[in-house]
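A short write-up of the structure that comes next.
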Amino acid sequence: MKLKIKRIDSNLPIPQYQTPGSVAFDLYARVTTTVKPFSPTIIPTNIVVDVPEGYFLMLASRSSIPIKKHLMVSNGIGVIDQDFNGDTDEIGVQVLNFSHENVVIEKGERIAQALLVKIAKVEDFEEVDSMSNVSRGGFGSTG
């Protein structure tokens with residue numbers, strides 16, 4: 001599959017998979033950004049992506065970022081829709097600094113990862129009076 005991207009700063013690398021078995025490609029910070037404690041901050045990733053029809057682009061934290069930088073993707077994951085692909089629709093990763101110190105992300109630093117996920121859209125929502133299965137229990141009911 002080919003993925004059309006536009007880089008804002010052509011001096012930064014094109015996203016890439018780090019190993020042959022990687023399912024997500026890394027995204028780079030376009031600018032040096034200071035993330036203040038407990039303050040969601042958007043870090044621009046330098047790319048606009050033309051997400052193919054039938055897919056969405058999912059943004060997730062790199063596994064080392066919480067340990068090394070005390071950052072997490074503040075909304076859990078990011079969802080980039082197929083129609084977010086205009087010339088100035090640069091992808092940004094919203095992060096939260098969960099430490100008590102400022103965290104500096106340097107320009108060109110790998111800050112997140114992205115993967116294409118195939119989607120199935122609901123054609124019609126069918127409302128019913130009850131579900132046929134027995135309820136399993138509440139949140140976290142399996143232990």
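Ligands are numbered from 1 in the order shown, chains are lettered A, B, ... in the order of the structure tokens, and residues start at 1 in each chain.
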
request  = Excluding segment 56-72 of chain A and any residue of its chain fewer than 3 positions from it, enumerate the residues within 7 Å of it, using only C-alpha atoms, and give them as a VMD selection string.
outcome  = chain A and resid 51 77 to 82 95 to 99 103 111 to 119

Filtering to C-alpha atoms, could you give me those residues as a PDB file, in the first residue's frame?
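Result saved to result_29.pdb:
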```pdb
ATOM      1  CA  VAL A  51      -5.815   8.319   4.803  1.00  0.00           C
ATOM      2  CA  ILE A  77      -5.377   7.330  21.286  1.00  0.00           C
ATOM      3  CA  GLY A  78      -5.778   9.755  18.444  1.00  0.00           C
ATOM      4  CA  VAL A  79      -8.136   9.065  15.567  1.00  0.00           C
ATOM      5  CA  ILE A  80      -7.355  10.692  12.225  1.00  0.00           C
ATOM      6  CA  ASP A  81     -10.339  10.557   9.881  1.00  0.00           C
ATOM      7  CA  GLN A  82     -10.232  10.118   6.104  1.00  0.00           C
ATOM      8  CA  VAL A  95       0.136  14.726  25.146  1.00  0.00           C
ATOM      9  CA  LEU A  96      -0.183  15.089  28.898  1.00  0.00           C
ATOM     10  CA  ASN A  97       2.831  15.524  31.163  1.00  0.00           C
ATOM     11  CA  PHE A  98       2.080  13.566  34.347  1.00  0.00           C
ATOM     12  CA  SER A  99       5.230  14.718  36.170  1.00  0.00           C
ATOM     13  CA  VAL A 103       9.270  18.225  29.733  1.00  0.00           C
ATOM     14  CA  ILE A 111       7.107  11.279  19.913  1.00  0.00           C
ATOM     15  CA  ALA A 112       4.336   8.917  18.833  1.00  0.00           C
ATOM     16  CA  GLN A 113       3.471   6.110  16.480  1.00  0.00           C
ATOM     17  CA  ALA A 114       0.733   5.743  13.906  1.00  0.00           C
ATOM     18  CA  LEU A 115      -0.910   2.795  12.230  1.00  0.00           C
ATOM     19  CA  LEU A 116      -3.553   2.351   9.582  1.00  0.00           C
ATOM     20  CA  VAL A 117      -6.591   0.472  10.856  1.00  0.00           C
ATOM     21  CA  LYS A 118      -9.260  -1.005   8.586  1.00  0.00           C
ATOM     22  CA  ILE A 119     -12.755   0.091   9.552  1.00  0.00           C
TER      23      ILE A 119
END
```

task = Enumerate, as JSON, numbers by chain, the complete set of residues in chain A that a backbone-based DSSP assignment places in strand (DSSP E).
result = {"A": [4, 5, 6, 7, 25, 26, 27, 28, 33, 34, 35, 41, 42, 43, 44, 47, 48, 49, 50, 55, 56, 57, 58, 59, 60, 61, 71, 72, 73, 78, 79, 80, 92, 93, 94, 95, 96, 97, 103, 104, 105, 110, 111, 112, 113, 114, 115, 116, 117, 118]}

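By chain and then residue number, the residues within 9 Å of segment 5-13 of chain A are Leu3, Pro15, Gln16, Tyr28, Ala29, Arg30, Thr45, Asn46, Ile47, Val48, Val49, Asp50, Val51, Asp87, Thr88, Glu90, Lys107 and Gly108 of chain A, counting only C-alpha atoms and disregarding those fewer than 2 positions away in sequence.
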
Test item: residues at most 12 Å from Ala120 of chain A, only C-alpha atoms, excluding those fewer than 5 positions along its chain, as a PDB file with N, CA and C atoms, in the first residue's frame:
```pdb
ATOM      1  N   GLU A  53      -9.422   5.378   1.785  1.00  0.00           N
ATOM      2  CA  GLU A  53     -10.817   5.029   2.062  1.00  0.00           C
ATOM      3  C   GLU A  53     -10.875   3.650   2.709  1.00  0.00           C
ATOM      4  N   GLY A  54     -11.711   3.524   3.744  1.00  0.00           N
ATOM      5  CA  GLY A  54     -11.863   2.253   4.443  1.00  0.00           C
ATOM      6  C   GLY A  54     -10.909   2.091   5.618  1.00  0.00           C
ATOM      7  N   TYR A  55     -10.138   3.134   5.925  1.00  0.00           N
ATOM      8  CA  TYR A  55      -9.171   3.090   7.015  1.00  0.00           C
ATOM      9  C   TYR A  55      -9.284   4.348   7.882  1.00  0.00           C
ATOM     10  N   PHE A  56      -8.713   4.287   9.078  1.00  0.00           N
ATOM     11  CA  PHE A  56      -8.415   5.493   9.833  1.00  0.00           C
ATOM     12  C   PHE A  56      -6.981   5.354  10.312  1.00  0.00           C
TER      13      PHE A  56
END
```

message = For Val93 of chain A, find every residue with an atom within 7 Å (counting only C-alpha atoms), except residues of its own chain fewer than 5 positions away, and show them as a list in words.
response = Ile42, Ile43 and Pro44 of chain A
